[in-house]
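Printed here is coords.tsv (TSV, C-alpha atoms):
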chain	number	residue	atom	x	y	z
O	1	MET	CA	-13.08	37.91	7.87
O	2	LYS	CA	-14.72	34.54	8.19
O	3	ILE	CA	-12.49	31.62	9.07
O	4	ILE	CA	-13.75	29.56	6.14
O	5	TYR	CA	-12.16	31.93	3.60
O	6	LEU	CA	-8.83	31.54	5.39
O	7	LEU	CA	-9.17	27.75	5.27
O	8	GLU	CA	-9.97	27.83	1.55
O	9	ILE	CA	-6.89	29.95	0.82
O	10	LEU	CA	-4.80	27.51	2.88
O	11	LEU	CA	-6.23	24.57	0.92
O	12	ILE	CA	-5.32	26.22	-2.41
O	13	ILE	CA	-1.77	26.84	-1.17
O	14	PHE	CA	-1.40	23.18	-0.13
O	15	LEU	CA	-2.71	21.95	-3.48
O	16	ILE	CA	-0.25	24.18	-5.37
O	17	PHE	CA	2.55	22.76	-3.21
O	18	ILE	CA	1.42	19.22	-4.14
O	19	ILE	CA	1.65	20.04	-7.85
O	20	ILE	CA	5.03	21.81	-7.61
O	21	SER	CA	6.99	19.56	-5.24
O	22	LYS	CA	9.38	16.99	-6.65
O	23	ASN	CA	10.10	15.06	-3.45
O	24	ASN	CA	7.65	12.21	-2.96
O	25	LEU	CA	7.64	12.15	0.85
O	26	LYS	CA	7.00	15.91	1.06
O	27	LEU	CA	4.14	15.43	-1.38
O	28	ILE	CA	2.52	12.85	0.87
O	29	VAL	CA	2.76	15.13	3.91
O	30	PHE	CA	1.16	17.97	1.96
O	31	PHE	CA	-1.59	15.62	0.78
O	32	SER	CA	-2.36	14.64	4.37
O	33	ALA	CA	-2.42	18.29	5.49
O	34	SER	CA	-4.67	19.32	2.61
O	35	SER	CA	-7.18	16.61	3.43
O	36	LEU	CA	-7.22	17.78	7.07
O	37	VAL	CA	-7.98	21.33	5.91
O	38	SER	CA	-10.71	20.12	3.59
O	39	ALA	CA	-12.21	18.10	6.46
O	40	SER	CA	-12.46	21.27	8.54
O	41	ILE	CA	-14.08	23.05	5.58
O	42	TYR	CA	-16.67	20.25	5.45
O	43	LEU	CA	-17.30	20.79	9.16
O	44	PHE	CA	-17.96	24.50	8.62
O	45	LEU	CA	-20.32	23.71	5.74
O	46	ASP	CA	-22.53	21.64	8.12
O	47	SER	CA	-21.57	18.15	7.06
O	48	PRO	CA	-19.78	16.53	10.02
O	49	ASP	CA	-20.44	13.05	8.62
O	50	LEU	CA	-18.25	13.69	5.61
O	51	ALA	CA	-15.61	15.39	7.76
O	52	LEU	CA	-15.22	12.26	9.89
O	53	ALA	CA	-14.79	10.06	6.83
O	54	GLU	CA	-12.31	12.50	5.29
O	55	VAL	CA	-10.20	12.62	8.47
O	56	ALA	CA	-10.08	8.84	8.78
O	57	ILE	CA	-9.48	7.95	5.14
O	58	GLY	CA	-7.95	11.00	3.46
O	59	SER	CA	-5.41	11.87	6.12
O	60	ALA	CA	-4.48	8.45	7.51
O	61	ILE	CA	-5.12	5.53	5.20
O	62	ILE	CA	-4.33	6.94	1.73
O	63	PRO	CA	-0.96	8.53	2.77
O	64	LEU	CA	-0.04	5.24	4.43
O	65	ILE	CA	-0.72	3.37	1.18
O	66	PHE	CA	1.42	5.92	-0.71
O	67	ILE	CA	4.28	5.59	1.78
O	68	ILE	CA	4.20	1.79	1.51
O	69	ALA	CA	4.21	2.02	-2.28
O	70	ILE	CA	7.25	4.32	-2.26
O	71	SER	CA	9.23	2.25	0.21
O	72	LYS	CA	8.64	-0.89	-1.86
O	73	GLN	CA	11.11	0.09	-4.59
O	74	ARG	CA	14.42	-1.16	-3.29
O	75	LYS	CA	15.97	-2.94	-6.26
O	76	PHE	CA	16.18	-2.44	-10.00
O	77	LEU	CA	15.58	-5.71	-11.84
O	78	VAL	CA	17.12	-5.98	-15.30
O	79	ILE	CA	16.42	-8.88	-17.67
O	80	ASN	CA	19.29	-9.69	-19.99
O	81	ASN	CA	17.72	-10.81	-23.25
O	82	THR	CA	20.84	-10.68	-25.42
O	83	ALA	CA	22.75	-13.71	-26.61
O	84	PHE	CA	25.71	-12.94	-24.33
O	85	ASP	CA	25.85	-13.92	-20.72
O	86	ASN	CA	26.18	-11.58	-17.80
O	87	GLU	CA	29.98	-11.30	-17.98
O	88	ARG	CA	29.98	-10.03	-21.53
O	89	ILE	CA	27.43	-7.29	-20.94
O	90	GLU	CA	29.68	-5.69	-18.40
O	91	TYR	CA	31.75	-3.81	-20.95
O	92	CYS	CA	29.08	-1.61	-22.45
O	93	ILE	CA	25.99	-1.19	-20.34
O	94	TYR	CA	26.90	-2.28	-16.84
O	95	ASP	CA	28.72	0.95	-16.00
O	96	ILE	CA	25.77	3.09	-17.00
O	97	LEU	CA	23.29	0.99	-15.04
O	98	LYS	CA	25.56	0.95	-12.00
O	99	GLU	CA	25.89	4.73	-12.05
O	100	PHE	CA	22.14	5.06	-12.52
O	101	THR	CA	21.20	2.82	-9.62
O	102	ASP	CA	23.75	4.38	-7.29
O	103	LEU	CA	22.07	7.71	-7.93
O	104	TYR	CA	18.77	6.45	-6.51
O	105	ASN	CA	20.14	4.08	-3.80
O	106	LEU	CA	18.71	1.04	-5.56
O	107	LYS	CA	20.18	-2.44	-5.74
O	108	LEU	CA	21.04	-3.55	-9.26
O	109	GLU	CA	20.09	-7.09	-10.18
O	110	ILE	CA	20.76	-8.59	-13.63
O	111	GLN	CA	19.16	-11.88	-14.63
O	112	ASP	CA	19.17	-14.02	-17.72
O	113	SER	CA	16.13	-14.16	-19.93
O	114	GLU	CA	13.40	-16.04	-18.20
O	115	TYR	CA	10.11	-14.27	-18.60
O	116	ASP	CA	7.12	-15.16	-16.52
O	117	GLU	CA	4.06	-15.85	-18.56
O	118	LEU	CA	1.74	-14.07	-16.15
O	119	TYR	CA	1.12	-10.36	-16.51
O	120	GLY	CA	-0.33	-7.71	-14.25
O	121	ILE	CA	-0.31	-7.93	-10.49
O	122	PHE	CA	-0.08	-11.71	-10.49
O	123	ARG	CA	3.42	-11.68	-11.96
O	124	SER	CA	5.92	-12.83	-9.39
O	125	LYS	CA	8.77	-10.59	-10.57
O	126	ASN	CA	8.35	-6.92	-11.34
O	127	VAL	CA	10.73	-6.32	-14.24
O	128	ASP	CA	12.06	-2.79	-14.58
O	129	LEU	CA	14.21	-3.03	-17.68
O	130	VAL	CA	14.78	-5.46	-20.56
O	131	ILE	CA	17.97	-5.43	-22.63
O	132	GLU	CA	17.82	-6.60	-26.25
O	133	LYS	CA	20.27	-6.45	-29.12
O	134	LYS	CA	19.55	-5.64	-32.76
O	135	LYS	CA	22.36	-5.01	-35.31
O	136	ASP	CA	25.08	-3.73	-32.99
O	137	LYS	CA	22.55	-1.62	-31.16
O	138	TYR	CA	21.43	-2.25	-27.61
O	139	ILE	CA	17.79	-1.54	-26.92
O	140	LEU	CA	16.66	-0.87	-23.34
O	141	LYS	CA	12.95	-1.42	-22.86
O	142	GLY	CA	11.21	0.01	-19.81
O	143	LYS	CA	7.80	1.02	-18.61
O	144	LYS	CA	6.49	4.37	-19.74
O	145	THR	CA	4.79	5.05	-16.43
O	146	SER	CA	7.99	4.84	-14.40
O	147	ILE	CA	9.64	8.15	-13.52
O	148	LEU	CA	13.08	6.53	-13.45
O	149	MET	CA	13.00	5.96	-17.22
O	150	ASN	CA	13.20	9.70	-18.01
O	151	LYS	CA	16.44	9.97	-16.05
O	152	LEU	CA	17.86	6.89	-17.80
O	153	GLU	CA	17.00	8.42	-21.17
O	154	ASP	CA	18.89	11.58	-20.23
O	155	MET	CA	21.96	9.62	-19.15
O	156	THR	CA	22.19	7.58	-22.36
O	157	LYS	CA	21.63	10.48	-24.73
O	158	GLY	CA	25.29	10.77	-25.76
O	159	LYS	CA	25.86	7.07	-26.49
O	160	LYS	CA	25.23	6.02	-30.07
O	161	ASP	CA	24.87	2.26	-29.65
O	162	ILE	CA	22.24	2.45	-26.91
O	163	LYS	CA	18.60	3.28	-27.46
O	164	VAL	CA	15.92	3.64	-24.80
O	165	VAL	CA	12.38	2.58	-25.67
O	166	LYS	CA	9.42	3.23	-23.43
O	167	VAL	CA	6.68	0.63	-23.54
O	168	ILE	CA	3.11	1.27	-22.49
O	169	GLU	CA	2.17	-1.57	-20.20
O	170	GLY	CA	-1.46	-2.56	-20.33
O	171	GLU	CA	-3.35	-4.45	-17.72
O	172	THR	CA	-3.47	-7.70	-19.64
O	173	TYR	CA	-2.23	-8.75	-23.03
O	174	ASP	CA	-5.04	-11.04	-24.05
Z	1	MET	CA	11.69	-0.59	8.02
Z	2	LYS	CA	12.17	-0.29	11.75
Z	3	PRO	CA	10.31	2.55	13.51
Z	4	SER	CA	11.88	4.54	16.33
Z	5	HIS	CA	11.13	3.91	19.99
Z	6	ILE	CA	9.28	7.23	20.40
Z	7	LEU	CA	6.84	6.36	17.60
Z	8	ALA	CA	6.25	2.88	19.02
Z	9	SER	CA	5.61	4.21	22.53
Z	10	VAL	CA	3.19	6.92	21.33
Z	11	CYS	CA	1.32	4.33	19.28
Z	12	ARG	CA	1.08	2.03	22.30
Z	13	VAL	CA	-0.53	4.87	24.29
Z	14	LEU	CA	-2.87	5.97	21.49
Z	15	PHE	CA	-4.09	2.51	20.41
Z	16	PRO	CA	-6.84	1.88	23.05
Z	17	PHE	CA	-8.16	5.46	22.81
Z	18	ILE	CA	-8.57	5.28	19.03
Z	19	LEU	CA	-10.28	1.90	19.49
Z	20	ILE	CA	-12.75	3.30	22.04
Z	21	PHE	CA	-13.44	6.33	19.84
Z	22	GLY	CA	-14.17	4.12	16.84
Z	23	PHE	CA	-16.59	1.94	18.78
Z	24	TYR	CA	-18.26	5.06	20.23
Z	25	ILE	CA	-18.86	6.46	16.75
Z	26	ILE	CA	-20.24	3.12	15.55
Z	27	ILE	CA	-22.61	2.50	18.45
Z	28	HIS	CA	-23.71	6.12	18.84
Z	29	GLY	CA	-24.16	6.47	15.10
Z	30	HIS	CA	-27.95	6.76	15.03
Z	31	LEU	CA	-27.91	9.90	17.22
Z	32	SER	CA	-24.70	11.74	16.35
Z	33	PRO	CA	-22.67	12.25	13.16
Z	34	GLY	CA	-20.85	9.21	11.96
Z	35	GLY	CA	-22.00	5.64	11.69
Z	36	GLY	CA	-20.81	2.32	10.46
Z	37	PHE	CA	-18.50	3.41	7.67
Z	38	GLN	CA	-16.76	6.27	9.49
Z	39	GLY	CA	-16.33	4.29	12.70
Z	40	GLY	CA	-15.01	1.34	10.73
Z	41	ALA	CA	-12.41	3.54	9.05
Z	42	ILE	CA	-11.28	4.84	12.45
Z	43	LEU	CA	-11.07	1.25	13.77
Z	44	ALA	CA	-8.92	0.35	10.76
Z	45	THR	CA	-6.49	3.20	11.51
Z	46	ALA	CA	-6.31	1.98	15.11
Z	47	PHE	CA	-5.29	-1.47	13.96
Z	48	LEU	CA	-2.81	-0.04	11.48
Z	49	THR	CA	-0.85	1.63	14.27
Z	50	THR	CA	-0.02	-1.87	15.49
Z	51	TYR	CA	2.30	-2.11	12.49
Z	52	PHE	CA	4.45	0.57	14.12
Z	53	ILE	CA	4.50	-1.28	17.44
Z	54	ASN	CA	5.22	-4.78	16.20
Z	55	PHE	CA	5.96	-5.14	12.54
Z	56	LYS	CA	4.91	-8.77	12.16
Z	57	LYS	CA	1.56	-8.31	13.86
Z	58	ILE	CA	-1.01	-9.28	11.24
Z	59	THR	CA	-0.21	-12.78	10.08
Z	60	ASP	CA	-3.49	-14.45	9.20
Z	61	LEU	CA	-4.66	-12.52	6.15
Z	62	ASN	CA	-7.03	-15.20	4.86
Z	63	PHE	CA	-8.96	-15.12	8.14
Z	64	LEU	CA	-9.58	-11.37	7.73
Z	65	ILE	CA	-10.87	-11.74	4.17
Z	66	LYS	CA	-13.10	-14.66	5.18
Z	67	MET	CA	-14.46	-12.67	8.14
Z	68	GLU	CA	-15.35	-9.75	5.88
Z	69	LYS	CA	-17.41	-11.98	3.61
Z	70	ILE	CA	-19.20	-13.61	6.55
Z	71	PHE	CA	-20.10	-10.21	8.01
Z	72	PHE	CA	-21.46	-9.07	4.64
Z	73	LEU	CA	-23.78	-12.10	4.62
Z	74	ILE	CA	-24.86	-11.29	8.19
Z	75	ILE	CA	-25.76	-7.72	7.16
Z	76	LEU	CA	-27.90	-9.03	4.31
Z	77	LEU	CA	-29.61	-11.53	6.65
Z	78	ILE	CA	-30.45	-8.82	9.20
Z	79	ALA	CA	-31.88	-6.64	6.45
Z	80	MET	CA	-33.91	-9.58	5.09
Z	81	PHE	CA	-35.27	-10.52	8.54
Z	82	SER	CA	-38.09	-7.98	8.25
Z	83	LEU	CA	-39.51	-10.05	5.40
Z	84	ILE	CA	-40.76	-12.50	8.02
Z	85	THR	CA	-42.16	-10.00	10.53
Z	86	LYS	CA	-43.45	-7.21	8.28
Z	87	GLY	CA	-43.52	-8.59	4.79
Z	88	GLU	CA	-41.08	-6.17	3.16
Z	89	VAL	CA	-37.27	-6.05	2.99
Z	90	PHE	CA	-34.78	-3.48	4.30
Z	91	THR	CA	-36.92	-2.06	7.08
Z	92	SER	CA	-36.82	-2.51	10.84
Z	93	PHE	CA	-38.06	-5.89	11.99
Z	94	LEU	CA	-39.44	-4.40	15.22
Z	95	PRO	CA	-42.54	-2.20	15.52
Z	96	THR	CA	-41.41	1.39	14.83
Z	97	ASN	CA	-43.61	3.17	17.37
Z	98	SER	CA	-42.16	1.41	20.42
Z	99	GLU	CA	-39.02	2.11	22.45
Z	100	LEU	CA	-37.17	-0.73	20.75
Z	101	LYS	CA	-36.87	1.32	17.56
Z	102	PRO	CA	-33.06	2.01	17.49
Z	103	ILE	CA	-32.08	-1.63	18.03
Z	104	PHE	CA	-32.23	-2.32	14.29
Z	105	LEU	CA	-30.00	0.65	13.51
Z	106	ILE	CA	-27.49	-0.21	16.24
Z	107	THR	CA	-27.07	-3.83	15.14
Z	108	LEU	CA	-26.79	-2.89	11.47
Z	109	ASN	CA	-24.27	-0.13	12.23
Z	110	PHE	CA	-22.19	-2.50	14.37
Z	111	PHE	CA	-21.89	-5.17	11.70
Z	112	ILE	CA	-21.24	-2.59	8.95
Z	113	GLY	CA	-18.47	-1.07	11.08
Z	114	ILE	CA	-16.72	-4.38	11.64
Z	115	LYS	CA	-17.04	-5.29	7.96
Z	116	VAL	CA	-15.52	-1.97	6.83
Z	117	ALA	CA	-12.71	-2.23	9.38
Z	118	SER	CA	-11.72	-5.75	8.35
Z	119	GLY	CA	-11.89	-4.81	4.67
Z	120	LEU	CA	-9.61	-1.78	5.05
Z	121	ILE	CA	-7.17	-3.70	7.27
Z	122	SER	CA	-6.96	-6.51	4.72
Z	123	ILE	CA	-6.38	-4.02	1.87
Z	124	ILE	CA	-3.44	-2.35	3.60
Z	125	ALA	CA	-2.06	-5.63	4.96
Z	126	THR	CA	-2.04	-6.96	1.39
Z	127	PHE	CA	-0.14	-3.85	0.32
Z	128	ILE	CA	2.44	-4.37	3.06
Z	129	GLU	CA	2.83	-8.12	2.67
Z	130	GLU	CA	3.15	-8.13	-1.12
Z	131	GLY	CA	6.63	-8.76	-2.39
Z	132	ARG	CA	8.14	-9.09	1.04
Z	133	ASN	CA	10.65	-11.91	1.19

The structure in this file should be written as structure tokens.
Amino acid sequence: MKIIYLLEILLIIFLIFIIISKNNLKLIVFFSASSLVSASIYLFLDSPDLALAEVAIGSAIIPLIFIIAISKQRKFLVINNTAFDNERIEYCIYDILKEFTDLYNLKLEIQDSEYDELYGIFRSKNVDLVIEKKKDKYILKGKKTSILMNKLEDMTKGKKDIKVVKVIEGETYD
Amino acid sequence: MKPSHILASVCRVLFPFILIFGFYIIIHGHLSPGGGFQGGAILATAFLTTYFINFKKITDLNFLIKMEKIFFLIILLIAMFSLITKGEVFTSFLPTNSELKPIFLITLNFFIGIKVASGLISIIATFIEEGRN
């Protein structure tokens, strides 16, 4: 049996692990390993140039960028857009948010409504959640791309006066 | 984010060897596999290990970005230099049948390598520095 068939089978196994796994750090390690295997496949297919680039970029630089991006999320910023101040909101929503952020080891931070006018990467604050109130109903607005929002939607399913809305965030609004 | 002592020590040992390997691939690029881009990527990984040794290593980010632009202009100037000697762009400015033939490739590979390395370092340094208070 040629060694290249073995490497291809190994690559398929690593890629299936990447799709299945739920833990982000494990996923990055599997990504790095799969790019090492694909670099050795490139070497056996007579393209050592491409193998060098794949080793340097695919197995060192891209996983490092992913690790930095994961370790950035340390706090959960909530903008309070209702008419009440921060003391009043404590009765209804604060307990849910506190339980939610304790689950993920995040630091909860609630601020009054002061939106930045800039959007995209130039915005100084990265807002995770916006609380609004309409006719005795609290509306929690969050990004659709965030994985945390699915969990928050599950947790607030039983409550009748709370509704979770997922917003698609574009690059710019103009 | 504070790395362990074992990781810092291993990175201190590995740093000069990765640096030498990157420069070898850049300078030997016209004979062996590799070249400017691959060697530059390896140089960038060498400099990124300094983040494990000393976390506040890269401070002057604007200098890196400025250096990348200057090196890009230098690459274009070297490629345009054959317009004076031969009358056409993007070829070697020396006569190709002499022994001085690889000098053009070596200089171009060297500047491309340093440009790629500074670009990748500035990308990842921007990722690390953003949002840090």

- Considering all atoms listed in the file, return as number ranges by chain whatever protein or nucleic-acid residues lie within 8 Å of Gln111 (chain O), sequence-local ones (same chain, fewer than 5 positions apart) excluded. O: 77-80, 86

- Task: Can you check which residues of chain O have any atom within 9 Å of chain Z? Use only C-alpha atoms and format it as JSON, numbers by chain.
- Result: {"O": [47, 48, 49, 50, 52, 53, 54, 55, 56, 57, 60, 61, 64, 65, 68, 69, 71, 72, 124, 125]}

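Atom pair CA of Gly142 (chain O) / CA of Phe100 (chain O) has a distance of 14.1 Å (rounded to one decimal).
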
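Considering only C-alpha atoms, the residue among O:Asn150, O:Ser38, O:Asn23, O:Ser32 positioned nearest to Ile4 (chain O) is O:Ser38.
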
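CA of Lys163 (chain O) is positioned 15.7 Å from CA of Asp128 (chain O).
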
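One finds CA of Lys133 (chain O) at 24.6 Å from CA of Asp102 (chain O).
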
- Query: If you count only C-alpha atoms, which residues fall within 10 Å of Lys66 (chain Z), apart from same-chain ones fewer than 4 positions away, as JSON, numbers by chain?
  - Reply: {"Z": [61, 62, 70, 71, 118, 119]}

12 Å contact set for Leu108 (chain O), all atoms listed in the file, chain neighbours under 5 positions out, as an mmCIF file with C-alpha atoms, in the coordinates of the input:
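Listed below is the output, part_32.cif:
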data_model
loop_
_atom_site.group_PDB
_atom_site.id
_atom_site.type_symbol
_atom_site.label_atom_id
_atom_site.label_comp_id
_atom_site.auth_asym_id
_atom_site.auth_seq_id
_atom_site.Cartn_x
_atom_site.Cartn_y
_atom_site.Cartn_z
ATOM 1 C CA GLN O 73 11.110 0.090 -4.590
ATOM 2 C CA ARG O 74 14.420 -1.160 -3.290
ATOM 3 C CA LYS O 75 15.970 -2.940 -6.260
ATOM 4 C CA PHE O 76 16.180 -2.440 -10.000
ATOM 5 C CA LEU O 77 15.580 -5.710 -11.840
ATOM 6 C CA VAL O 78 17.120 -5.980 -15.300
ATOM 7 C CA ILE O 79 16.420 -8.880 -17.670
ATOM 8 C CA TYR O 94 26.900 -2.280 -16.840
ATOM 9 C CA ASP O 95 28.720 0.950 -16.000
ATOM 10 C CA ILE O 96 25.770 3.090 -17.000
ATOM 11 C CA LEU O 97 23.290 0.990 -15.040
ATOM 12 C CA LYS O 98 25.560 0.950 -12.000
ATOM 13 C CA GLU O 99 25.890 4.730 -12.050
ATOM 14 C CA PHE O 100 22.140 5.060 -12.520
ATOM 15 C CA THR O 101 21.200 2.820 -9.620
ATOM 16 C CA ASP O 102 23.750 4.380 -7.290
ATOM 17 C CA LEU O 103 22.070 7.710 -7.930
ATOM 18 C CA VAL O 127 10.730 -6.320 -14.240
ATOM 19 C CA ASP O 128 12.060 -2.790 -14.580
ATOM 20 C CA LEU O 129 14.210 -3.030 -17.680
#

Could region 31-49 of chain O be completed with N, CA, C and O atoms and returned as a PDB file, in the frame of the given file?
ATOM      1  N   PHE O  31      -0.280  16.231   1.072  1.00  0.00           N
ATOM      2  CA  PHE O  31      -1.590  15.620   0.780  1.00  0.00           C
ATOM      3  C   PHE O  31      -2.381  15.404   2.055  1.00  0.00           C
ATOM      4  O   PHE O  31      -3.569  15.706   2.133  1.00  0.00           O
ATOM      5  N   SER O  32      -1.696  14.893   3.087  1.00  0.00           N
ATOM      6  CA  SER O  32      -2.360  14.640   4.370  1.00  0.00           C
ATOM      7  C   SER O  32      -2.861  15.945   4.973  1.00  0.00           C
ATOM      8  O   SER O  32      -4.002  16.036   5.449  1.00  0.00           O
ATOM      9  N   ALA O  33      -2.023  16.997   4.915  1.00  0.00           N
ATOM     10  CA  ALA O  33      -2.420  18.290   5.490  1.00  0.00           C
ATOM     11  C   ALA O  33      -3.593  18.878   4.725  1.00  0.00           C
ATOM     12  O   ALA O  33      -4.524  19.433   5.331  1.00  0.00           O
ATOM     13  N   SER O  34      -3.584  18.738   3.389  1.00  0.00           N
ATOM     14  CA  SER O  34      -4.670  19.320   2.610  1.00  0.00           C
ATOM     15  C   SER O  34      -5.986  18.606   2.884  1.00  0.00           C
ATOM     16  O   SER O  34      -7.048  19.238   2.906  1.00  0.00           O
ATOM     17  N   SER O  35      -5.917  17.291   3.136  1.00  0.00           N
ATOM     18  CA  SER O  35      -7.180  16.610   3.430  1.00  0.00           C
ATOM     19  C   SER O  35      -7.684  16.967   4.828  1.00  0.00           C
ATOM     20  O   SER O  35      -8.897  17.001   5.054  1.00  0.00           O
ATOM     21  N   LEU O  36      -6.761  17.286   5.760  1.00  0.00           N
ATOM     22  CA  LEU O  36      -7.220  17.780   7.070  1.00  0.00           C
ATOM     23  C   LEU O  36      -7.935  19.111   6.921  1.00  0.00           C
ATOM     24  O   LEU O  36      -8.993  19.333   7.529  1.00  0.00           O
ATOM     25  N   VAL O  37      -7.355  20.015   6.094  1.00  0.00           N
ATOM     26  CA  VAL O  37      -7.980  21.330   5.910  1.00  0.00           C
ATOM     27  C   VAL O  37      -9.337  21.189   5.242  1.00  0.00           C
ATOM     28  O   VAL O  37     -10.312  21.854   5.622  1.00  0.00           O
ATOM     29  N   SER O  38      -9.425  20.275   4.256  1.00  0.00           N
ATOM     30  CA  SER O  38     -10.710  20.120   3.590  1.00  0.00           C
ATOM     31  C   SER O  38     -11.731  19.489   4.520  1.00  0.00           C
ATOM     32  O   SER O  38     -12.931  19.779   4.421  1.00  0.00           O
ATOM     33  N   ALA O  39     -11.279  18.657   5.467  1.00  0.00           N
ATOM     34  CA  ALA O  39     -12.210  18.100   6.460  1.00  0.00           C
ATOM     35  C   ALA O  39     -12.765  19.215   7.339  1.00  0.00           C
ATOM     36  O   ALA O  39     -13.966  19.222   7.642  1.00  0.00           O
ATOM     37  N   SER O  40     -11.924  20.176   7.723  1.00  0.00           N
ATOM     38  CA  SER O  40     -12.460  21.270   8.540  1.00  0.00           C
ATOM     39  C   SER O  40     -13.392  22.167   7.735  1.00  0.00           C
ATOM     40  O   SER O  40     -14.350  22.727   8.277  1.00  0.00           O
ATOM     41  N   ILE O  41     -13.141  22.287   6.421  1.00  0.00           N
ATOM     42  CA  ILE O  41     -14.080  23.050   5.580  1.00  0.00           C
ATOM     43  C   ILE O  41     -15.436  22.348   5.532  1.00  0.00           C
ATOM     44  O   ILE O  41     -16.490  22.982   5.625  1.00  0.00           O
ATOM     45  N   TYR O  42     -15.413  21.002   5.425  1.00  0.00           N
ATOM     46  CA  TYR O  42     -16.670  20.250   5.450  1.00  0.00           C
ATOM     47  C   TYR O  42     -17.414  20.485   6.759  1.00  0.00           C
ATOM     48  O   TYR O  42     -18.640  20.590   6.783  1.00  0.00           O
ATOM     49  N   LEU O  43     -16.661  20.580   7.861  1.00  0.00           N
ATOM     50  CA  LEU O  43     -17.300  20.790   9.160  1.00  0.00           C
ATOM     51  C   LEU O  43     -17.983  22.149   9.201  1.00  0.00           C
ATOM     52  O   LEU O  43     -19.099  22.282   9.721  1.00  0.00           O
ATOM     53  N   PHE O  44     -17.337  23.184   8.619  1.00  0.00           N
ATOM     54  CA  PHE O  44     -17.960  24.500   8.620  1.00  0.00           C
ATOM     55  C   PHE O  44     -19.142  24.582   7.669  1.00  0.00           C
ATOM     56  O   PHE O  44     -20.006  25.430   7.828  1.00  0.00           O
ATOM     57  N   LEU O  45     -19.189  23.723   6.668  1.00  0.00           N
ATOM     58  CA  LEU O  45     -20.320  23.710   5.740  1.00  0.00           C
ATOM     59  C   LEU O  45     -21.425  22.761   6.204  1.00  0.00           C
ATOM     60  O   LEU O  45     -22.209  22.292   5.384  1.00  0.00           O
ATOM     61  N   ASP O  46     -21.457  22.437   7.511  1.00  0.00           N
ATOM     62  CA  ASP O  46     -22.530  21.640   8.120  1.00  0.00           C
ATOM     63  C   ASP O  46     -22.618  20.224   7.573  1.00  0.00           C
ATOM     64  O   ASP O  46     -23.710  19.725   7.305  1.00  0.00           O
ATOM     65  N   SER O  47     -21.486  19.570   7.375  1.00  0.00           N
ATOM     66  CA  SER O  47     -21.570  18.150   7.060  1.00  0.00           C
ATOM     67  C   SER O  47     -20.516  17.389   7.868  1.00  0.00           C
ATOM     68  O   SER O  47     -19.470  17.026   7.340  1.00  0.00           O
ATOM     69  N   PRO O  48     -20.766  17.194   9.165  1.00  0.00           N
ATOM     70  CA  PRO O  48     -19.780  16.530  10.020  1.00  0.00           C
ATOM     71  C   PRO O  48     -19.572  15.054   9.682  1.00  0.00           C
ATOM     72  O   PRO O  48     -18.507  14.512   9.959  1.00  0.00           O
ATOM     73  N   ASP O  49     -20.578  14.441   9.047  1.00  0.00           N
ATOM     74  CA  ASP O  49     -20.440  13.050   8.620  1.00  0.00           C
ATOM     75  C   ASP O  49     -19.262  12.878   7.659  1.00  0.00           C
ATOM     76  O   ASP O  49     -18.394  12.022   7.828  1.00  0.00           O
TER      77      ASP O  49
END
